[in-house]
Amino acid sequence: MSDADGDLVEIESQLLDIVAQEGMIDRGRLNKDAVLLDLDIQSADYVMILMAIEEKWGVYLPVDEDLTEAKTVGDLVELVKGKIVEHKAKKATA
Amino acid sequence: MFPTLKRQVILEAAPISGADYQIALSTTNPRFQDRVSAIAQIAAGEAIDQAGLGVADFGERCAVSIGAGFGGAQTMDENYHRLLAEGGSRKIDPMCVPKIMTNAPASWIAMKWGIKGPSYCISTACSSASQSIGLGAMLVASGTVDRCIAGGAEALLVPGVFASWEAMHVMTNDKCRPFSRNRTGMVLGDGAAMFVLESLESALARGSKILAEFAGYGTTNDAGDLLRPDRDGAARSMRMALDHGRLEPTQIGYVNAHGTGTIANDLNETLALRDVFGDRFAEMLISSTKPIHGHALGAGGALELLITLKALEEQIAPPTINFIDVDPKLGFEPVPNVARPFDADVVLSNSFAFGGVNASLALKRYEA
């Protein structure tokens, strides 16, 4: 496993921690296929999750089309992971 | 934009310029007023002048109904800063409470023109002004008063409020592009707009120039999610305004949409508009003017009703600027980028707020 892959695994795990904590959901229920609606994640929970992401990685994510398309925990994690990586790359070149 | 903010991600806003605020404050009473009351008073003065009214025309048979969201935001912000960041080293403005209270704009207008009937301040976020105007019209229609000054004022572009909105993650760092593909959120703004609502008898008796007939008011509550808009709540609001005015959807020539530019509102509002206008939806002229004046929350409904009134007068639907392309999920063009003429007697304006509060106002061309 390369360092970059290791980073991604770490980000993924930290993201799940955030979703569990801010969404007040048992971490054990957060598997990739879990449907966000079924987990009763409300609009206000999204705001809390996005704020926690911003605090941790410094990346501002508006509630945009991609985000509202996320149906499962896996979708959400993949999307946010992508944006964090993008943000890190941008910061590295800036 | 705000030097005191250590970190500011969003850089777009629709402010009132510092020079204009200076003008507003120089003609009002800044020692006792936040700038929100100053702009409210300026706007009310313009409306009262245009209506040909003066202090002698108000009194006990008149009401004031002024919406506001954040009240005296600048006063609150500056004084918290003194208290916290500067360690309480500078004294708190003794006029903090009367400057900050959300009903201050209504009271200042009442005091200036001697309005001694009911005074209301509705604070329902983005629906504050529309509900204030709706309530004012009901007070006149019920015969409780002969006249009502109604509208909204908001002066929220200060570091604390801006940072709070940033934390909601609904503001765009691009441009506000309501209903467009690739829209990423809203742009906050300051502003104030006021109307003189008057009974027909009173307006005719004094030979006043009648700008339009207030034709219908609808307001509903979602009683669902605090933040996520509700299709049914929005549709019921529009239908209620139409029913109230005994109007048919086919009479509506233009709709000034709430159209914030957020994913959630614009999708929800489009679905609700389709529900209300059915087969006619495709040919309707519906636009959002928020990319021009910004989302002025507590003043939003008043600014937009003013635009809706001008649209009716001139029979021109203002465009949704910054529009890139049709969002396939919405499948509609909200008068993209270029104004379009129409021929109709009735127009509608929507406001949908956090808290699940919806309000719709209908205006009709007045014919003597």
# chains A, B, ... in the order shown; residues from 1 in each chain; ligands from 1
$ closest_atom_pairs --of "chain B" --to "chain A" --cutoff "6 Å" --atoms "only C-alpha atoms" --output "Markdown table"
| residue | atom | partner | partner_atom | distance |
| --- | --- | --- | --- | --- |
| B:Met168 | CA | A:Val47 | CA | 5.8 |
| B:His169 | CA | A:Pro62 | CA | 4.7 |
| B:Val170 | CA | A:Pro62 | CA | 5.6 |
| B:Thr184 | CA | A:Asp64 | CA | 5.2 |
| B:Ile263 | CA | A:Asp64 | CA | 6.0 |
$ write_last_selection --atoms "all heavy atoms" --output "tab-separated table (two decimals), in the first residue's frame"
chain	number	residue	atom	x	y	z
B	168	MET	N	-23.51	27.45	7.49
B	168	MET	CA	-24.66	26.70	6.97
B	168	MET	C	-24.31	25.99	5.66
B	168	MET	O	-25.06	25.14	5.19
B	168	MET	CB	-25.85	27.63	6.71
B	168	MET	CG	-26.56	28.15	7.94
B	168	MET	SD	-27.31	26.86	8.94
B	168	MET	CE	-28.42	26.09	7.78
B	169	HIS	N	-23.22	26.41	5.03
B	169	HIS	CA	-22.76	25.80	3.77
B	169	HIS	C	-23.79	25.90	2.64
B	169	HIS	O	-23.92	24.98	1.84
B	169	HIS	CB	-22.36	24.33	3.99
B	169	HIS	CG	-21.14	24.20	4.85
B	169	HIS	ND1	-21.17	24.34	6.21
B	169	HIS	CD2	-19.84	23.98	4.53
B	169	HIS	CE1	-19.96	24.20	6.70
B	169	HIS	NE2	-19.12	23.99	5.71
B	170	VAL	N	-24.55	26.99	2.61
B	170	VAL	CA	-25.51	27.18	1.52
B	170	VAL	C	-25.17	28.40	0.66
B	170	VAL	O	-25.92	28.73	-0.26
B	170	VAL	CB	-26.97	27.33	2.04
B	170	VAL	CG1	-27.47	26.02	2.61
B	170	VAL	CG2	-27.08	28.45	3.07
B	184	THR	N	-24.54	26.60	-7.12
B	184	THR	CA	-23.87	26.12	-5.89
B	184	THR	C	-24.29	26.92	-4.66
B	184	THR	O	-23.64	26.84	-3.63
B	184	THR	CB	-22.34	26.19	-6.03
B	184	THR	OG1	-21.98	27.48	-6.52
B	184	THR	CG2	-21.81	25.13	-6.97
B	263	ILE	N	-29.43	24.18	-4.19
B	263	ILE	CA	-29.95	22.97	-4.81
B	263	ILE	C	-31.35	22.67	-4.28
B	263	ILE	O	-32.28	22.45	-5.03
B	263	ILE	CB	-29.01	21.77	-4.50
B	263	ILE	CG1	-27.67	21.95	-5.20
B	263	ILE	CG2	-29.65	20.45	-4.86
B	263	ILE	CD1	-27.72	21.85	-6.69
$ residues_around --residues "Ala311 (chain B)" --least-positions-apart "5" --cutoff "9 Å" --atoms "only C-alpha atoms" --output "number ranges by chain"
B: 254, 306, 316-318, 341, 347
$ write_last_selection --atoms "N, CA and C atoms" --output "PDB file, in the first residue's frame"
ATOM      1  N   TYR B 254     -46.648  36.485 -14.335  1.00  0.00           N
ATOM      2  CA  TYR B 254     -45.242  36.441 -13.923  1.00  0.00           C
ATOM      3  C   TYR B 254     -45.162  35.995 -12.464  1.00  0.00           C
ATOM      4  N   LEU B 306     -41.600  44.499  -4.639  1.00  0.00           N
ATOM      5  CA  LEU B 306     -41.396  45.763  -5.356  1.00  0.00           C
ATOM      6  C   LEU B 306     -41.033  45.488  -6.828  1.00  0.00           C
ATOM      7  N   ILE B 316     -43.181  43.563 -17.966  1.00  0.00           N
ATOM      8  CA  ILE B 316     -41.895  42.960 -18.349  1.00  0.00           C
ATOM      9  C   ILE B 316     -41.418  42.051 -17.214  1.00  0.00           C
ATOM     10  N   ALA B 317     -41.125  40.806 -17.567  1.00  0.00           N
ATOM     11  CA  ALA B 317     -40.591  39.874 -16.578  1.00  0.00           C
ATOM     12  C   ALA B 317     -39.085  40.044 -16.493  1.00  0.00           C
ATOM     13  N   PRO B 318     -38.571  40.416 -15.298  1.00  0.00           N
ATOM     14  CA  PRO B 318     -37.113  40.555 -15.163  1.00  0.00           C
ATOM     15  C   PRO B 318     -36.444  39.186 -15.278  1.00  0.00           C
ATOM     16  N   PRO B 341     -41.230  40.428 -22.258  1.00  0.00           N
ATOM     17  CA  PRO B 341     -42.527  41.065 -22.036  1.00  0.00           C
ATOM     18  C   PRO B 341     -43.627  40.028 -21.806  1.00  0.00           C
ATOM     19  N   VAL B 347     -49.755  39.056 -10.933  1.00  0.00           N
ATOM     20  CA  VAL B 347     -48.389  38.571 -10.723  1.00  0.00           C
ATOM     21  C   VAL B 347     -48.269  38.031  -9.300  1.00  0.00           C
TER      22      VAL B 347
END
$ residues_around --residues "Ala44 (chain B)" --least-positions-apart "2" --cutoff "8 Å" --atoms "only C-alpha atoms" --output "list of chain:residue names"
B:Ala40, B:Gln41, B:Ile42, B:Glu46, B:Ala47, B:Ile48, B:Ile109, B:Ile149, B:Ala193, B:Met194, B:Phe195
$ write_last_selection --atoms "N, CA and C atoms" --output "mmCIF file, in the first residue's frame"
data_model
loop_
_atom_site.group_PDB
_atom_site.id
_atom_site.type_symbol
_atom_site.label_atom_id
_atom_site.label_comp_id
_atom_site.auth_asym_id
_atom_site.auth_seq_id
_atom_site.Cartn_x
_atom_site.Cartn_y
_atom_site.Cartn_z
ATOM 1 N N ALA B 40 -34.611 51.187 6.971
ATOM 2 C CA ALA B 40 -36.060 50.967 7.016
ATOM 3 C C ALA B 40 -36.784 52.304 6.926
ATOM 4 N N GLN B 41 -36.269 53.272 7.684
ATOM 5 C CA GLN B 41 -36.885 54.597 7.733
ATOM 6 C C GLN B 41 -36.747 55.322 6.392
ATOM 7 N N ILE B 42 -35.591 55.177 5.750
ATOM 8 C CA ILE B 42 -35.397 55.797 4.436
ATOM 9 C C ILE B 42 -36.402 55.216 3.434
ATOM 10 N N GLU B 46 -39.540 57.091 1.441
ATOM 11 C CA GLU B 46 -39.719 57.119 -0.023
ATOM 12 C C GLU B 46 -41.133 56.670 -0.405
ATOM 13 N N ALA B 47 -41.604 55.603 0.261
ATOM 14 C CA ALA B 47 -42.947 55.088 -0.056
ATOM 15 C C ALA B 47 -44.016 56.106 0.323
ATOM 16 N N ILE B 48 -43.861 56.715 1.498
ATOM 17 C CA ILE B 48 -44.857 57.676 1.994
ATOM 18 C C ILE B 48 -44.879 58.920 1.098
ATOM 19 N N ILE B 109 -40.306 53.822 12.466
ATOM 20 C CA ILE B 109 -41.222 54.302 11.419
ATOM 21 C C ILE B 109 -42.497 54.845 12.081
ATOM 22 N N ILE B 149 -48.155 50.822 6.810
ATOM 23 C CA ILE B 149 -46.813 50.808 6.210
ATOM 24 C C ILE B 149 -46.259 49.408 6.442
ATOM 25 N N ALA B 193 -37.312 47.587 1.731
ATOM 26 C CA ALA B 193 -38.354 48.052 0.809
ATOM 27 C C ALA B 193 -39.656 48.152 1.592
ATOM 28 N N MET B 194 -40.422 49.195 1.308
ATOM 29 C CA MET B 194 -41.665 49.445 2.056
ATOM 30 C C MET B 194 -42.796 49.788 1.103
ATOM 31 N N PHE B 195 -44.006 49.485 1.557
ATOM 32 C CA PHE B 195 -45.207 49.780 0.779
ATOM 33 C C PHE B 195 -46.198 50.546 1.645
#
$ residues_around --residues "region 55-57 of chain A" --least-positions-apart "3" --cutoff "12 Å" --atoms "only C-alpha atoms" --output "PDB file with N, CA, C and O atoms, in the first residue's frame"
ATOM      1  N   ILE A  11      -8.455   8.882   5.842  1.00  0.00           N
ATOM      2  CA  ILE A  11      -9.500   9.896   5.635  1.00  0.00           C
ATOM      3  C   ILE A  11     -10.880   9.251   5.734  1.00  0.00           C
ATOM      4  O   ILE A  11     -11.786   9.767   6.392  1.00  0.00           O
ATOM      5  N   GLN A  14     -11.759   8.519   9.264  1.00  0.00           N
ATOM      6  CA  GLN A  14     -12.061   9.738  10.014  1.00  0.00           C
ATOM      7  C   GLN A  14     -13.414  10.326   9.592  1.00  0.00           C
ATOM      8  O   GLN A  14     -14.158  10.863  10.402  1.00  0.00           O
ATOM      9  N   LEU A  15     -13.720  10.189   8.298  1.00  0.00           N
ATOM     10  CA  LEU A  15     -15.012  10.668   7.808  1.00  0.00           C
ATOM     11  C   LEU A  15     -16.163   9.909   8.460  1.00  0.00           C
ATOM     12  O   LEU A  15     -17.165  10.502   8.860  1.00  0.00           O
ATOM     13  N   ASP A  17     -16.085   8.513  11.306  1.00  0.00           N
ATOM     14  CA  ASP A  17     -16.167   8.988  12.698  1.00  0.00           C
ATOM     15  C   ASP A  17     -17.011  10.263  12.772  1.00  0.00           C
ATOM     16  O   ASP A  17     -17.850  10.422  13.650  1.00  0.00           O
ATOM     17  N   ILE A  18     -16.749  11.153  11.820  1.00  0.00           N
ATOM     18  CA  ILE A  18     -17.476  12.439  11.806  1.00  0.00           C
ATOM     19  C   ILE A  18     -18.964  12.221  11.571  1.00  0.00           C
ATOM     20  O   ILE A  18     -19.812  12.782  12.268  1.00  0.00           O
ATOM     21  N   MET A  48     -23.944  20.015  10.187  1.00  0.00           N
ATOM     22  CA  MET A  48     -22.965  19.708  11.250  1.00  0.00           C
ATOM     23  C   MET A  48     -21.800  18.900  10.673  1.00  0.00           C
ATOM     24  O   MET A  48     -20.639  19.141  11.004  1.00  0.00           O
ATOM     25  N   ILE A  49     -22.121  17.952   9.808  1.00  0.00           N
ATOM     26  CA  ILE A  49     -21.076  17.110   9.201  1.00  0.00           C
ATOM     27  C   ILE A  49     -20.145  17.973   8.342  1.00  0.00           C
ATOM     28  O   ILE A  49     -18.924  17.865   8.429  1.00  0.00           O
ATOM     29  N   LEU A  50     -20.732  18.856   7.528  1.00  0.00           N
ATOM     30  CA  LEU A  50     -19.919  19.701   6.644  1.00  0.00           C
ATOM     31  C   LEU A  50     -19.014  20.637   7.452  1.00  0.00           C
ATOM     32  O   LEU A  50     -17.881  20.900   7.082  1.00  0.00           O
ATOM     33  N   MET A  51     -19.548  21.121   8.573  1.00  0.00           N
ATOM     34  CA  MET A  51     -18.751  22.017   9.412  1.00  0.00           C
ATOM     35  C   MET A  51     -17.572  21.266  10.024  1.00  0.00           C
ATOM     36  O   MET A  51     -16.454  21.773  10.087  1.00  0.00           O
ATOM     37  N   ALA A  52     -17.840  20.043  10.470  1.00  0.00           N
ATOM     38  CA  ALA A  52     -16.776  19.234  11.078  1.00  0.00           C
ATOM     39  C   ALA A  52     -15.695  18.913  10.042  1.00  0.00           C
ATOM     40  O   ALA A  52     -14.500  18.926  10.352  1.00  0.00           O
ATOM     41  N   TYR A  60     -14.075  23.782   2.281  1.00  0.00           N
ATOM     42  CA  TYR A  60     -15.459  24.264   2.344  1.00  0.00           C
ATOM     43  C   TYR A  60     -16.281  23.550   1.287  1.00  0.00           C
ATOM     44  O   TYR A  60     -15.990  23.650   0.096  1.00  0.00           O
ATOM     45  N   LEU A  61     -17.283  22.823   1.714  1.00  0.00           N
ATOM     46  CA  LEU A  61     -18.151  22.114   0.764  1.00  0.00           C
ATOM     47  C   LEU A  61     -19.545  22.712   0.796  1.00  0.00           C
ATOM     48  O   LEU A  61     -20.252  22.572   1.788  1.00  0.00           O
ATOM     49  N   VAL A  80     -16.835  13.110  -0.576  1.00  0.00           N
ATOM     50  CA  VAL A  80     -16.107  14.024   0.303  1.00  0.00           C
ATOM     51  C   VAL A  80     -14.603  13.722   0.237  1.00  0.00           C
ATOM     52  O   VAL A  80     -13.778  14.634   0.200  1.00  0.00           O
ATOM     53  N   LYS A  81     -14.276  12.447   0.178  1.00  0.00           N
ATOM     54  CA  LYS A  81     -12.873  12.038   0.056  1.00  0.00           C
ATOM     55  C   LYS A  81     -12.253  12.699  -1.174  1.00  0.00           C
ATOM     56  O   LYS A  81     -11.166  13.265  -1.119  1.00  0.00           O
ATOM     57  N   LYS A  83     -13.170  15.367  -2.677  1.00  0.00           N
ATOM     58  CA  LYS A  83     -13.035  16.825  -2.530  1.00  0.00           C
ATOM     59  C   LYS A  83     -11.883  17.171  -1.598  1.00  0.00           C
ATOM     60  O   LYS A  83     -11.209  18.187  -1.794  1.00  0.00           O
ATOM     61  N   ILE A  84     -11.668  16.343  -0.592  1.00  0.00           N
ATOM     62  CA  ILE A  84     -10.550  16.601   0.324  1.00  0.00           C
ATOM     63  C   ILE A  84      -9.222  16.422  -0.413  1.00  0.00           C
ATOM     64  O   ILE A  84      -8.309  17.250  -0.296  1.00  0.00           O
ATOM     65  N   VAL A  85      -9.155  15.363  -1.210  1.00  0.00           N
ATOM     66  CA  VAL A  85      -7.924  15.100  -1.975  1.00  0.00           C
ATOM     67  C   VAL A  85      -7.671  16.249  -2.952  1.00  0.00           C
ATOM     68  O   VAL A  85      -6.546  16.767  -3.059  1.00  0.00           O
ATOM     69  N   GLU A  86      -8.745  16.677  -3.603  1.00  0.00           N
ATOM     70  CA  GLU A  86      -8.655  17.794  -4.556  1.00  0.00           C
ATOM     71  C   GLU A  86      -8.151  19.061  -3.846  1.00  0.00           C
ATOM     72  O   GLU A  86      -7.285  19.775  -4.340  1.00  0.00           O
ATOM     73  N   HIS A  87      -8.731  19.283  -2.661  1.00  0.00           N
ATOM     74  CA  HIS A  87      -8.367  20.463  -1.871  1.00  0.00           C
ATOM     75  C   HIS A  87      -6.893  20.403  -1.459  1.00  0.00           C
ATOM     76  O   HIS A  87      -6.172  21.392  -1.539  1.00  0.00           O
ATOM     77  N   LYS A  88      -6.444  19.199  -1.050  1.00  0.00           N
ATOM     78  CA  LYS A  88      -5.048  19.030  -0.617  1.00  0.00           C
ATOM     79  C   LYS A  88      -4.102  19.280  -1.786  1.00  0.00           C
ATOM     80  O   LYS A  88      -3.057  19.927  -1.622  1.00  0.00           O
ATOM     81  N   LYS A  91      -3.883  22.933  -2.504  1.00  0.00           N
ATOM     82  CA  LYS A  91      -3.088  23.619  -1.486  1.00  0.00           C
ATOM     83  C   LYS A  91      -1.593  23.375  -1.716  1.00  0.00           C
ATOM     84  O   LYS A  91      -0.770  24.263  -1.522  1.00  0.00           O
TER      85      LYS A  91
ATOM     86  N   ARG B   7     -10.852  33.787   9.098  1.00  0.00           N
ATOM     87  CA  ARG B   7     -10.981  32.922   7.935  1.00  0.00           C
ATOM     88  C   ARG B   7     -12.325  33.223   7.278  1.00  0.00           C
ATOM     89  O   ARG B   7     -13.355  33.208   7.937  1.00  0.00           O
ATOM     90  N   ALA B 167     -21.243  28.945   7.872  1.00  0.00           N
ATOM     91  CA  ALA B 167     -21.302  27.649   8.546  1.00  0.00           C
ATOM     92  C   ALA B 167     -22.508  26.813   8.111  1.00  0.00           C
ATOM     93  O   ALA B 167     -22.539  25.609   8.341  1.00  0.00           O
TER      94      ALA B 167
END
$ select_by_dssp --residues "region 158-305 of chain B" --states "helix (DSSP H, G or I)" --output "number ranges by chain"
B: 159-168, 200-205, 231-244, 249-251, 263-283, 290-293, 297-305
$ atom_distance --atom1 "CA of Ala38 (chain B)" --atom2 "CA of Trp108 (chain B)"
8.6 Å
$ residues_around --residues "Thr72 (chain A)" --least-positions-apart "5" --cutoff "10 Å" --atoms "only C-alpha atoms" --output "number ranges by chain"
A: 30-39, 77-78
$ residues_around --residues "Asp20 (chain B)" --least-positions-apart "3" --cutoff "12 Å" --atoms "only C-alpha atoms" --output "PDB file with all heavy atoms, in the first residue's frame"
ATOM      1  N   PRO B  15     -23.914  43.935  -0.830  1.00  0.00           N
ATOM      2  CA  PRO B  15     -24.029  44.917   0.258  1.00  0.00           C
ATOM      3  C   PRO B  15     -24.675  46.229  -0.192  1.00  0.00           C
ATOM      4  O   PRO B  15     -24.767  46.516  -1.381  1.00  0.00           O
ATOM      5  CB  PRO B  15     -22.568  45.168   0.652  1.00  0.00           C
ATOM      6  CG  PRO B  15     -21.789  44.920  -0.589  1.00  0.00           C
ATOM      7  CD  PRO B  15     -22.555  43.909  -1.409  1.00  0.00           C
ATOM      8  N   ILE B  16     -25.092  47.021   0.787  1.00  0.00           N
ATOM      9  CA  ILE B  16     -25.376  48.432   0.553  1.00  0.00           C
ATOM     10  C   ILE B  16     -24.030  49.116   0.781  1.00  0.00           C
ATOM     11  O   ILE B  16     -23.324  48.781   1.736  1.00  0.00           O
ATOM     12  CB  ILE B  16     -26.430  48.939   1.558  1.00  0.00           C
ATOM     13  CG1 ILE B  16     -27.800  48.320   1.228  1.00  0.00           C
ATOM     14  CG2 ILE B  16     -26.504  50.461   1.561  1.00  0.00           C
ATOM     15  CD1 ILE B  16     -28.890  48.673   2.222  1.00  0.00           C
ATOM     16  N   SER B  17     -23.657  50.027  -0.078  1.00  0.00           N
ATOM     17  CA  SER B  17     -22.314  50.603   0.040  1.00  0.00           C
ATOM     18  C   SER B  17     -22.180  51.413   1.334  1.00  0.00           C
ATOM     19  O   SER B  17     -23.165  51.922   1.872  1.00  0.00           O
ATOM     20  CB  SER B  17     -22.021  51.508  -1.158  1.00  0.00           C
ATOM     21  OG  SER B  17     -22.730  52.717  -1.019  1.00  0.00           O
ATOM     22  N   ILE B  23     -25.192  58.039   4.119  1.00  0.00           N
ATOM     23  CA  ILE B  23     -26.299  58.938   3.770  1.00  0.00           C
ATOM     24  C   ILE B  23     -27.523  58.602   4.614  1.00  0.00           C
ATOM     25  O   ILE B  23     -28.170  59.484   5.190  1.00  0.00           O
ATOM     26  CB  ILE B  23     -26.626  58.847   2.261  1.00  0.00           C
ATOM     27  CG1 ILE B  23     -25.441  59.388   1.448  1.00  0.00           C
ATOM     28  CG2 ILE B  23     -27.918  59.610   1.922  1.00  0.00           C
ATOM     29  CD1 ILE B  23     -25.532  59.102  -0.039  1.00  0.00           C
ATOM     30  N   ALA B  24     -27.823  57.302   4.712  1.00  0.00           N
ATOM     31  CA  ALA B  24     -29.002  56.882   5.481  1.00  0.00           C
ATOM     32  C   ALA B  24     -28.865  57.325   6.934  1.00  0.00           C
ATOM     33  O   ALA B  24     -29.791  57.889   7.516  1.00  0.00           O
ATOM     34  CB  ALA B  24     -29.173  55.370   5.395  1.00  0.00           C
ATOM     35  N   LEU B  25     -27.694  57.102   7.507  1.00  0.00           N
ATOM     36  CA  LEU B  25     -27.506  57.412   8.927  1.00  0.00           C
ATOM     37  C   LEU B  25     -27.452  58.918   9.178  1.00  0.00           C
ATOM     38  O   LEU B  25     -27.825  59.387  10.250  1.00  0.00           O
ATOM     39  CB  LEU B  25     -26.233  56.736   9.449  1.00  0.00           C
ATOM     40  CG  LEU B  25     -26.352  55.210   9.570  1.00  0.00           C
ATOM     41  CD1 LEU B  25     -24.989  54.549   9.707  1.00  0.00           C
ATOM     42  CD2 LEU B  25     -27.218  54.832  10.772  1.00  0.00           C
ATOM     43  N   SER B  26     -27.005  59.668   8.168  1.00  0.00           N
ATOM     44  CA  SER B  26     -26.898  61.116   8.373  1.00  0.00           C
ATOM     45  C   SER B  26     -28.277  61.776   8.410  1.00  0.00           C
ATOM     46  O   SER B  26     -28.419  62.880   8.916  1.00  0.00           O
ATOM     47  CB  SER B  26     -26.050  61.745   7.265  1.00  0.00           C
ATOM     48  OG  SER B  26     -26.753  61.689   6.042  1.00  0.00           O
ATOM     49  N   THR B  27     -29.281  61.091   7.864  1.00  0.00           N
ATOM     50  CA  THR B  27     -30.612  61.695   7.854  1.00  0.00           C
ATOM     51  C   THR B  27     -31.523  61.084   8.909  1.00  0.00           C
ATOM     52  O   THR B  27     -32.695  61.415   8.995  1.00  0.00           O
ATOM     53  CB  THR B  27     -31.282  61.530   6.480  1.00  0.00           C
ATOM     54  OG1 THR B  27     -31.370  60.136   6.195  1.00  0.00           O
ATOM     55  CG2 THR B  27     -30.497  62.220   5.386  1.00  0.00           C
ATOM     56  N   ARG B  35     -28.145  50.518  11.825  1.00  0.00           N
ATOM     57  CA  ARG B  35     -28.362  50.919  10.432  1.00  0.00           C
ATOM     58  C   ARG B  35     -29.585  50.233   9.818  1.00  0.00           C
ATOM     59  O   ARG B  35     -30.133  50.725   8.843  1.00  0.00           O
ATOM     60  CB  ARG B  35     -27.107  50.678   9.601  1.00  0.00           C
ATOM     61  CG  ARG B  35     -26.619  49.246   9.658  1.00  0.00           C
ATOM     62  CD  ARG B  35     -25.251  49.117   9.009  1.00  0.00           C
ATOM     63  NE  ARG B  35     -24.990  47.706   8.728  1.00  0.00           N
ATOM     64  CZ  ARG B  35     -23.973  47.256   8.022  1.00  0.00           C
ATOM     65  NH1 ARG B  35     -23.094  48.094   7.516  1.00  0.00           N
ATOM     66  NH2 ARG B  35     -23.821  45.970   7.804  1.00  0.00           N
ATOM     67  N   ALA B  38     -32.209  52.633  10.167  1.00  0.00           N
ATOM     68  CA  ALA B  38     -31.982  53.778   9.276  1.00  0.00           C
ATOM     69  C   ALA B  38     -32.475  53.480   7.866  1.00  0.00           C
ATOM     70  O   ALA B  38     -33.213  54.277   7.275  1.00  0.00           O
ATOM     71  CB  ALA B  38     -30.491  54.140   9.268  1.00  0.00           C
ATOM     72  N   ILE B  39     -32.126  52.313   7.328  1.00  0.00           N
ATOM     73  CA  ILE B  39     -32.563  52.029   5.950  1.00  0.00           C
ATOM     74  C   ILE B  39     -34.063  51.752   5.893  1.00  0.00           C
ATOM     75  O   ILE B  39     -34.719  52.081   4.909  1.00  0.00           O
ATOM     76  CB  ILE B  39     -31.743  50.903   5.272  1.00  0.00           C
ATOM     77  CG1 ILE B  39     -31.828  49.586   6.049  1.00  0.00           C
ATOM     78  CG2 ILE B  39     -30.300  51.333   5.059  1.00  0.00           C
ATOM     79  CD1 ILE B  39     -31.216  48.397   5.276  1.00  0.00           C
ATOM     80  N   ILE B  42     -35.591  55.177   5.750  1.00  0.00           N
ATOM     81  CA  ILE B  42     -35.397  55.797   4.436  1.00  0.00           C
ATOM     82  C   ILE B  42     -36.402  55.216   3.434  1.00  0.00           C
ATOM     83  O   ILE B  42     -37.062  55.946   2.687  1.00  0.00           O
ATOM     84  CB  ILE B  42     -33.954  55.551   3.914  1.00  0.00           C
ATOM     85  CG1 ILE B  42     -32.925  56.201   4.837  1.00  0.00           C
ATOM     86  CG2 ILE B  42     -33.790  56.017   2.465  1.00  0.00           C
ATOM     87  CD1 ILE B  42     -32.805  57.690   4.737  1.00  0.00           C
ATOM     88  N   ASP B 190     -28.009  43.034   1.812  1.00  0.00           N
ATOM     89  CA  ASP B 190     -28.702  43.980   2.696  1.00  0.00           C
ATOM     90  C   ASP B 190     -29.755  44.715   1.873  1.00  0.00           C
ATOM     91  O   ASP B 190     -29.604  44.848   0.652  1.00  0.00           O
ATOM     92  CB  ASP B 190     -27.719  45.037   3.227  1.00  0.00           C
ATOM     93  CG  ASP B 190     -26.842  44.502   4.353  1.00  0.00           C
ATOM     94  OD1 ASP B 190     -27.035  43.349   4.772  1.00  0.00           O
ATOM     95  OD2 ASP B 190     -25.966  45.261   4.813  1.00  0.00           O
ATOM     96  N   GLY B 191     -30.756  45.262   2.521  1.00  0.00           N
ATOM     97  CA  GLY B 191     -31.721  46.080   1.792  1.00  0.00           C
ATOM     98  C   GLY B 191     -32.970  46.354   2.601  1.00  0.00           C
ATOM     99  O   GLY B 191     -33.150  45.820   3.702  1.00  0.00           O
TER     100      GLY B 191
END
$ closest_residue --among "B:Glu313, B:Glu283, B:Asp345, B:Asp325" --to "Ala215 (chain B)" --atoms "only C-alpha atoms"
B:Asp345
$ atom_distance --atom1 "CA of Asn103 (chain B)" --atom2 "CA of Ile122 (chain B)"
8.3 Å
$ residues_around --residues "region 154-157 of chain B" --least-positions-apart "2" --cutoff "9 Å" --atoms "only C-alpha atoms" --output "PyMOL selection string"
chain B and resi 13-16+34-37+39-40+67-74+152+159-162+188-192+296-300
$ atom_distance --atom1 "CA of Ala163 (chain B)" --atom2 "CA of Ala234 (chain B)"
28.3 Å
$ decode --residues "region 117-122 of chain B" --atoms "N, CA, C and O atoms" --output "PDB file, in the first residue's frame"
ATOM      1  N   GLY B 117     -51.710  53.002  15.517  1.00  0.00           N
ATOM      2  CA  GLY B 117     -52.481  51.748  15.565  1.00  0.00           C
ATOM      3  C   GLY B 117     -51.549  50.574  15.842  1.00  0.00           C
ATOM      4  O   GLY B 117     -50.506  50.738  16.463  1.00  0.00           O
ATOM      5  N   PRO B 118     -51.876  49.386  15.355  1.00  0.00           N
ATOM      6  CA  PRO B 118     -51.058  48.199  15.628  1.00  0.00           C
ATOM      7  C   PRO B 118     -49.644  48.311  15.049  1.00  0.00           C
ATOM      8  O   PRO B 118     -49.456  48.850  13.958  1.00  0.00           O
ATOM      9  N   SER B 119     -48.672  47.808  15.788  1.00  0.00           N
ATOM     10  CA  SER B 119     -47.289  47.744  15.307  1.00  0.00           C
ATOM     11  C   SER B 119     -46.823  46.299  15.405  1.00  0.00           C
ATOM     12  O   SER B 119     -46.856  45.698  16.475  1.00  0.00           O
ATOM     13  N   TYR B 120     -46.417  45.747  14.266  1.00  0.00           N
ATOM     14  CA  TYR B 120     -45.993  44.346  14.237  1.00  0.00           C
ATOM     15  C   TYR B 120     -44.603  44.205  13.654  1.00  0.00           C
ATOM     16  O   TYR B 120     -44.212  44.933  12.742  1.00  0.00           O
ATOM     17  N   CYS B 121     -43.892  43.235  14.192  1.00  0.00           N
ATOM     18  CA  CYS B 121     -42.602  42.864  13.610  1.00  0.00           C
ATOM     19  C   CYS B 121     -42.597  41.357  13.461  1.00  0.00           C
ATOM     20  O   CYS B 121     -42.537  40.618  14.439  1.00  0.00           O
ATOM     21  N   ILE B 122     -42.716  40.910  12.229  1.00  0.00           N
ATOM     22  CA  ILE B 122     -42.685  39.468  11.989  1.00  0.00           C
ATOM     23  C   ILE B 122     -41.249  39.076  11.657  1.00  0.00           C
ATOM     24  O   ILE B 122     -40.630  39.659  10.775  1.00  0.00           O
TER      25      ILE B 122
END
